[in-house]
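run-v7.cif follows; it contains mmCIF, C-alpha atoms and all ligand atoms.
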data_target
loop_
_atom_site.label_atom_id
_atom_site.label_comp_id
_atom_site.auth_asym_id
_atom_site.auth_seq_id
_atom_site.Cartn_x
_atom_site.Cartn_y
_atom_site.Cartn_z
CA MET X 81 0.00 0.00 0.00
CA GLN X 82 1.40 3.39 -1.03
CA GLU X 83 1.57 5.89 1.79
CA ALA X 84 3.24 9.19 2.63
CA THR X 85 5.30 10.28 5.60
CA LEU X 86 6.58 13.63 6.82
CA ILE X 87 10.32 14.00 7.41
CA LEU X 88 11.82 17.05 9.07
CA ILE X 89 15.53 17.69 9.27
CA LYS X 90 15.53 19.51 12.59
CA PRO X 91 17.72 22.56 13.34
CA ASP X 92 20.45 20.41 14.98
CA GLY X 93 20.62 18.32 11.81
CA LEU X 94 21.05 21.46 9.71
CA LYS X 95 23.62 22.97 12.07
CA LYS X 96 25.67 19.75 12.06
CA SER X 97 25.63 19.78 8.20
CA LEU X 98 23.86 16.45 8.12
CA THR X 99 21.37 17.16 5.32
CA GLY X 100 23.36 15.22 2.72
CA ASN X 101 23.98 12.26 5.02
CA ILE X 102 20.34 12.07 6.05
CA LEU X 103 19.03 12.26 2.49
CA THR X 104 21.54 9.60 1.43
CA ARG X 105 20.39 7.30 4.24
CA LEU X 106 16.75 7.91 3.30
CA SER X 107 17.48 7.10 -0.34
CA GLU X 108 18.17 3.51 0.78
CA THR X 109 14.41 3.16 1.14
CA LYS X 110 13.89 3.71 -2.63
CA LEU X 111 10.90 5.88 -1.74
CA GLU X 112 10.03 8.94 -3.81
CA ILE X 113 10.37 12.52 -2.55
CA VAL X 114 7.07 14.20 -3.51
CA ALA X 115 7.54 17.53 -1.68
CA ALA X 116 10.44 19.46 -0.14
CA LYS X 117 11.05 22.92 1.27
CA ILE X 118 12.90 24.97 3.87
CA VAL X 119 10.52 26.33 6.50
CA ARG X 120 10.82 29.10 9.08
CA VAL X 121 8.77 27.52 11.87
CA SER X 122 6.23 29.79 13.55
CA ARG X 123 5.29 29.27 17.18
CA GLU X 124 1.79 28.26 16.02
CA LEU X 125 3.17 25.59 13.69
CA ALA X 126 5.58 24.31 16.35
CA GLU X 127 2.86 24.07 18.99
CA ALA X 128 0.42 22.41 16.60
CA HIS X 129 3.04 19.90 15.46
CA TYR X 130 3.84 18.91 19.05
CA ALA X 131 0.32 19.38 20.48
CA HIS X 132 0.35 15.81 21.86
CA LEU X 133 3.26 16.77 24.16
CA LYS X 134 1.93 20.07 25.52
CA ASN X 135 1.73 18.79 29.12
CA GLU X 136 5.30 17.46 29.17
CA PRO X 137 7.88 19.34 31.24
CA PHE X 138 10.17 19.60 28.21
CA PHE X 139 7.48 21.15 25.97
CA PRO X 140 8.72 24.79 26.16
CA GLU X 141 12.26 23.71 25.26
CA LEU X 142 10.95 21.42 22.52
CA ILE X 143 9.20 24.39 20.91
CA LYS X 144 12.42 26.44 21.08
CA TYR X 145 14.28 23.48 19.60
CA ILE X 146 12.04 22.99 16.56
CA GLN X 147 11.95 26.77 15.98
CA GLY X 148 15.75 26.75 15.87
CA GLU X 149 16.33 28.92 18.91
CA LEU X 150 18.73 26.41 20.47
CA HIS X 151 20.92 26.16 17.36
CA ASP X 152 20.85 29.63 15.85
CA ARG X 153 19.28 28.06 12.74
CA ARG X 154 15.74 29.34 12.43
CA LYS X 155 14.68 26.81 9.84
CA VAL X 156 13.95 23.16 9.21
CA MET X 157 13.89 21.15 6.01
CA ALA X 158 10.53 19.50 5.42
CA LEU X 159 10.05 16.61 2.98
CA ILE X 160 7.38 14.11 2.11
CA TYR X 161 8.49 10.59 1.19
CA TRP X 162 5.99 8.41 -0.62
CA GLY X 163 5.76 4.74 -1.54
CA GLU X 164 5.23 1.23 -0.20
CA GLU X 165 5.42 1.06 3.61
CA ALA X 166 6.93 4.55 3.68
CA ILE X 167 6.16 5.16 7.35
CA VAL X 168 7.76 2.05 8.82
CA LYS X 169 10.71 2.20 6.40
CA CYS X 170 11.60 5.79 7.37
CA ARG X 171 10.92 5.22 11.03
CA ARG X 172 13.24 2.20 11.02
CA LEU X 173 16.04 4.22 9.44
CA ALA X 174 15.52 7.09 11.89
CA GLY X 175 15.61 4.92 15.01
CA VAL X 176 13.70 5.31 18.27
CA THR X 177 12.93 8.67 19.90
CA ASN X 178 15.64 8.52 22.58
CA PRO X 179 18.96 8.88 20.71
CA GLU X 180 20.83 6.99 23.45
CA GLN X 181 18.54 4.02 22.96
CA ALA X 182 18.49 4.24 19.17
CA GLU X 183 20.72 1.71 17.44
CA SER X 184 23.98 3.32 16.38
CA THR X 185 23.36 2.43 12.73
CA THR X 186 20.18 4.58 12.70
CA ILE X 187 20.15 8.34 11.98
CA ARG X 188 19.18 9.23 15.54
CA GLY X 189 21.58 6.70 17.04
CA ALA X 190 24.47 7.99 14.94
CA TYR X 191 23.88 11.74 15.22
CA GLY X 192 21.50 12.47 18.11
CA ARG X 193 22.27 13.44 21.68
CA ILE X 194 20.54 14.24 24.95
CA THR X 195 21.18 17.79 26.15
CA THR X 196 22.21 18.49 29.76
CA SER X 197 18.64 19.69 30.39
CA GLY X 198 17.35 16.31 29.17
CA LEU X 199 15.90 17.21 25.77
CA TYR X 200 16.30 14.61 23.06
CA GLU X 201 18.03 16.33 20.14
CA ASN X 202 17.48 13.61 17.61
CA VAL X 203 18.19 15.33 14.27
CA VAL X 204 15.08 14.22 12.41
CA HIS X 205 11.34 14.04 12.79
CA VAL X 206 9.65 11.09 11.11
CA SER X 207 5.89 10.49 11.29
CA ALA X 208 5.13 7.60 13.62
CA ASN X 209 1.97 6.19 12.03
CA ARG X 210 -0.70 6.85 9.37
CA VAL X 211 -2.83 9.12 11.55
CA ASP X 212 0.15 11.25 12.57
CA ALA X 213 1.46 11.34 8.99
CA GLU X 214 -1.80 12.71 7.57
CA ARG X 215 -2.18 15.30 10.32
CA GLU X 216 1.46 16.42 10.02
CA ILE X 217 1.53 16.57 6.22
CA LYS X 218 -1.62 18.75 6.23
CA LEU X 219 0.00 21.00 8.82
CA TRP X 220 3.29 21.50 6.96
CA PHE X 221 2.26 21.46 3.29
CA MET X 222 -0.43 22.95 1.05
CA PRO X 223 -1.89 20.52 -1.52
CA ASP X 224 -0.24 22.32 -4.45
CA GLU X 225 3.21 21.90 -2.91
CA ILE X 226 2.94 18.11 -3.25
CA ILE X 227 3.30 16.48 -6.68
CA VAL X 228 0.88 13.61 -5.99
CA ASP X 229 -2.69 13.65 -4.65
CA LEU X 230 -2.45 12.31 -1.11
CA PHE X 231 -5.70 13.42 0.50
CA PRO X 232 -9.00 14.93 -0.74
CA THR X 233 -8.86 18.66 -1.49
CA LYS X 234 -11.31 21.41 -2.39
CA GLU X 235 -10.95 24.70 -4.23
CA ILE X 236 -11.81 27.95 -2.53
CA ILE X 237 -11.77 31.52 -3.79
CA LYS X 238 -10.71 34.09 -1.24
CA SER X 239 -11.17 37.66 -2.36
CA HIS X 240 -9.51 39.28 0.64
CA LEU X 241 -6.44 37.08 0.72
CA ARG X 242 -3.24 39.12 0.69
CA LEU X 243 -0.65 37.42 -1.51
CA ARG X 244 2.92 38.29 -2.38
CA ILE X 245 3.65 37.70 -6.08
CA TRP X 246 6.69 38.09 -8.33
CA VAL X 247 6.95 41.54 -10.03
P1 LIG I 1 9.03 10.98 17.85
O1 LIG I 1 9.74 12.23 17.40
O2 LIG I 1 9.94 9.77 17.85
O3 LIG I 1 7.73 10.72 17.12
P2 LIG I 1 7.51 12.04 20.12
O4 LIG I 1 7.09 11.29 21.35
O5 LIG I 1 6.45 12.44 19.15
O6 LIG I 1 8.66 11.17 19.41
O7 LIG I 1 8.30 13.32 20.63
C1 LIG I 1 8.58 14.40 19.79
C2 LIG I 1 9.98 14.92 20.11
O8 LIG I 1 10.03 15.42 21.46
C3 LIG I 1 11.09 13.87 20.06
O9 LIG I 1 11.56 13.63 18.75
C4 LIG I 1 12.15 14.47 20.94
O10 LIG I 1 12.88 15.51 20.28
C5 LIG I 1 11.30 15.11 22.05
N1 LIG I 1 11.06 14.19 23.18
C6 LIG I 1 10.14 13.19 23.22
N2 LIG I 1 10.14 12.55 24.40
C7 LIG I 1 11.09 13.16 25.14
C8 LIG I 1 11.57 12.95 26.49
O11 LIG I 1 11.10 12.06 27.24
N3 LIG I 1 12.56 13.77 26.92
C9 LIG I 1 13.09 14.75 26.13
N4 LIG I 1 12.68 14.99 24.86
C10 LIG I 1 11.68 14.20 24.37
MG MG I 2 5.92 11.74 17.19
#

What is this file in structure tokens?
Ligand code: IDP
Ligand code: MG
Amino acid sequence: MQEATLILIKPDGLKKSLTGNILTRLSETKLEIVAAKIVRVSRELAEAHYAHLKNEPFFPELIKYIQGELHDRRKVMALIYWGEEAIVKCRRLAGVTNPEQAESTTIRGAYGRITTSGLYENVVHVSANRVDAEREIKLWFMPDEIIVDLFPTKEIIKSHLRLRIWV
């Protein structure tokens, strides 16, 4: 069954110049990249992405982390990988959430760390399951930014929308 998964190269991954390594590792999956961009993460996007963790003691630091405030890199790279078993394939390559417990051959095991304050800096985000993947993809991408049709869409006309266009 074809499915899609959201991958984020987090600010620590960018700061450590790991983009190439991570994309090379992910290419082992033979999945297709169907969307990619660099994103400046707003507080609203960060809090929505990690809404399931809002009662955790590390939540405020997690928001700073994904917004790039801990690494002086106010951006993440967001990608959608698509194909057979995409979610489990990417998750397996990424390794488990705790980088100390992740196998050293995985991306998180090889490049992640736990900060002195206890935050898991684990280099990548990878959707954990189908429900998360759909929610996260819809949060990070507009339909027209993705080159395949993943979920139902509708057209709207907004007359008061302020848009910036090329001159
Ligand atoms: P996931 O990223 O493997 O899906 P989640 O439980 O969704 O794991 O957590 C989101 C992120 O929050 C993790 O990737 C990690 O950066 C951070 N995190 C999760 N649990 C902990 C924890 O117990 N201590 C510190 N940081 C954590
Ligand atoms: Mg998760």

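By chain and then residue number, the residues within 9 Å of region 93-110 of chain X are His151, Asp152, Arg153, Lys155, Val156, Met157, Tyr161, Gly163, Ala166, Lys169, Cys170, Leu173, Ala174, Thr186, Ile187, Tyr191, Gly192, Glu201, Asn202, Val203 and Val204 of chain X, counting only C-alpha atoms and disregarding those fewer than 5 positions away in sequence.
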
Separation of CA of Pro232 (chain X) from atom P2 of ligand LIG 1 (chain I) in Å: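 These atoms are spaced 26.8 Å apart.
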
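Each of X:Ile194, X:Val168, X:Ala128, X:Met81 was checked against ligand LIG 1 (chain I) using only C-alpha atoms and all ligand atoms; the smallest atom-to-atom distance is that of X:Ile194.
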
Box in all listed atoms of ligand LIG 1 (chain I), axis-aligned, with 4 Å more on each side; write out centre and edge lengths in Å to one decimal as lines of an AutoDock Vina configuration file.
center_x = 9.8
center_y = 12.6
center_z = 22.2
size_x = 14.6
size_y = 13.7
size_z = 18.1

Residues within 9 Å of ligand LIG 1 (chain I), counting all atoms listed in the file, as a compact mmCIF listing (two decimals) with C-alpha atoms, in the coordinates of the input:
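After the write, out.txt holds the following:
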# COMPACT_ATOMS: atom_id res chain seq x y z
CA HIS X 129 3.04 19.90 15.46
CA TYR X 130 3.84 18.91 19.05
CA HIS X 132 0.35 15.81 21.86
CA LEU X 133 3.26 16.77 24.16
CA GLU X 136 5.30 17.46 29.17
CA PRO X 137 7.88 19.34 31.24
CA PHE X 138 10.17 19.60 28.21
CA PHE X 139 7.48 21.15 25.97
CA GLU X 141 12.26 23.71 25.26
CA LEU X 142 10.95 21.42 22.52
CA TYR X 145 14.28 23.48 19.60
CA ILE X 146 12.04 22.99 16.56
CA ARG X 171 10.92 5.22 11.03
CA ALA X 174 15.52 7.09 11.89
CA GLY X 175 15.61 4.92 15.01
CA VAL X 176 13.70 5.31 18.27
CA THR X 177 12.93 8.67 19.90
CA ASN X 178 15.64 8.52 22.58
CA PRO X 179 18.96 8.88 20.71
CA ILE X 194 20.54 14.24 24.95
CA THR X 195 21.18 17.79 26.15
CA SER X 197 18.64 19.69 30.39
CA GLY X 198 17.35 16.31 29.17
CA LEU X 199 15.90 17.21 25.77
CA TYR X 200 16.30 14.61 23.06
CA GLU X 201 18.03 16.33 20.14
CA ASN X 202 17.48 13.61 17.61
CA VAL X 203 18.19 15.33 14.27
CA VAL X 204 15.08 14.22 12.41
CA HIS X 205 11.34 14.04 12.79
CA VAL X 206 9.65 11.09 11.11
CA SER X 207 5.89 10.49 11.29
CA ALA X 208 5.13 7.60 13.62
CA ASN X 209 1.97 6.19 12.03
CA ASP X 212 0.15 11.25 12.57

Long-range neighbours of Glu235 (chain X) as a ChimeraX atom specification, 12 Å cut-off, all atoms listed in the file, 5 positions minimum in chain: /X:222-224

Pick from X:Leu86, X:Ile143, X:Ile245, X:Ile226 nearest to ligand MG 2 (chain I), counting all atoms listed in the file: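 Smallest separation from ligand MG 2 (chain I) among the options: X:Leu86.
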
Residue nearest ligand MG 2 (chain I) among X:Ala182, X:Leu150, X:Leu159, X:Leu88 (counting all atoms listed in the file):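 Ranking X:Ala182, X:Leu150, X:Leu159, X:Leu88 by distance to ligand MG 2 (chain I), first place goes to X:Leu88.
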
Residue with smallest distance to ligand MG 2 (chain I) - pool X:Arg215, X:Arg154, X:Lys117, X:Lys238, counting all atoms listed in the file: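 Closest candidate: X:Arg215.
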
Residue neighbourhood Glu83 (chain X), 10 Å, all atoms listed in the file, exclusion window fewer than 6 positions, as a VMD selection string: chain X and resid 111 161 to 167 210 213 to 214 230

Nearest to ligand MG 2 (chain I) by atom-to-atom distance, counting only C-alpha atoms and all ligand atoms, from X:Leu243, X:Val211, X:Asp92, X:Ala115: X:Val211

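Proximity to ligand MG 2 (chain I) was assessed for X:Gly189, X:Gln181, X:Arg123, X:Glu216 counting all atoms listed in the file; the smallest distance is recorded for X:Glu216.
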
Atomic distance CA of Val114 (chain X) - CA of Asp229 (chain X), expressed in Å with one decimal: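 A separation of 9.8 Å between them.
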
Any chance you could export region 216-239 of chain X with C-alpha atoms, as a compact mmCIF listing (two decimals), in the first residue's frame?
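Listing of selection39.txt after writing:
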# COMPACT_ATOMS: atom_id res chain seq x y z
CA GLU X 216 1.46 16.42 10.02
CA ILE X 217 1.53 16.57 6.22
CA LYS X 218 -1.62 18.75 6.23
CA LEU X 219 0.00 21.00 8.82
CA TRP X 220 3.29 21.50 6.96
CA PHE X 221 2.26 21.46 3.29
CA MET X 222 -0.43 22.95 1.05
CA PRO X 223 -1.89 20.52 -1.52
CA ASP X 224 -0.24 22.32 -4.45
CA GLU X 225 3.21 21.90 -2.91
CA ILE X 226 2.94 18.11 -3.25
CA ILE X 227 3.30 16.48 -6.68
CA VAL X 228 0.88 13.61 -5.99
CA ASP X 229 -2.69 13.65 -4.65
CA LEU X 230 -2.45 12.31 -1.11
CA PHE X 231 -5.70 13.42 0.50
CA PRO X 232 -9.00 14.93 -0.74
CA THR X 233 -8.86 18.66 -1.49
CA LYS X 234 -11.31 21.41 -2.39
CA GLU X 235 -10.95 24.70 -4.23
CA ILE X 236 -11.81 27.95 -2.53
CA ILE X 237 -11.77 31.52 -3.79
CA LYS X 238 -10.71 34.09 -1.24
CA SER X 239 -11.17 37.66 -2.36
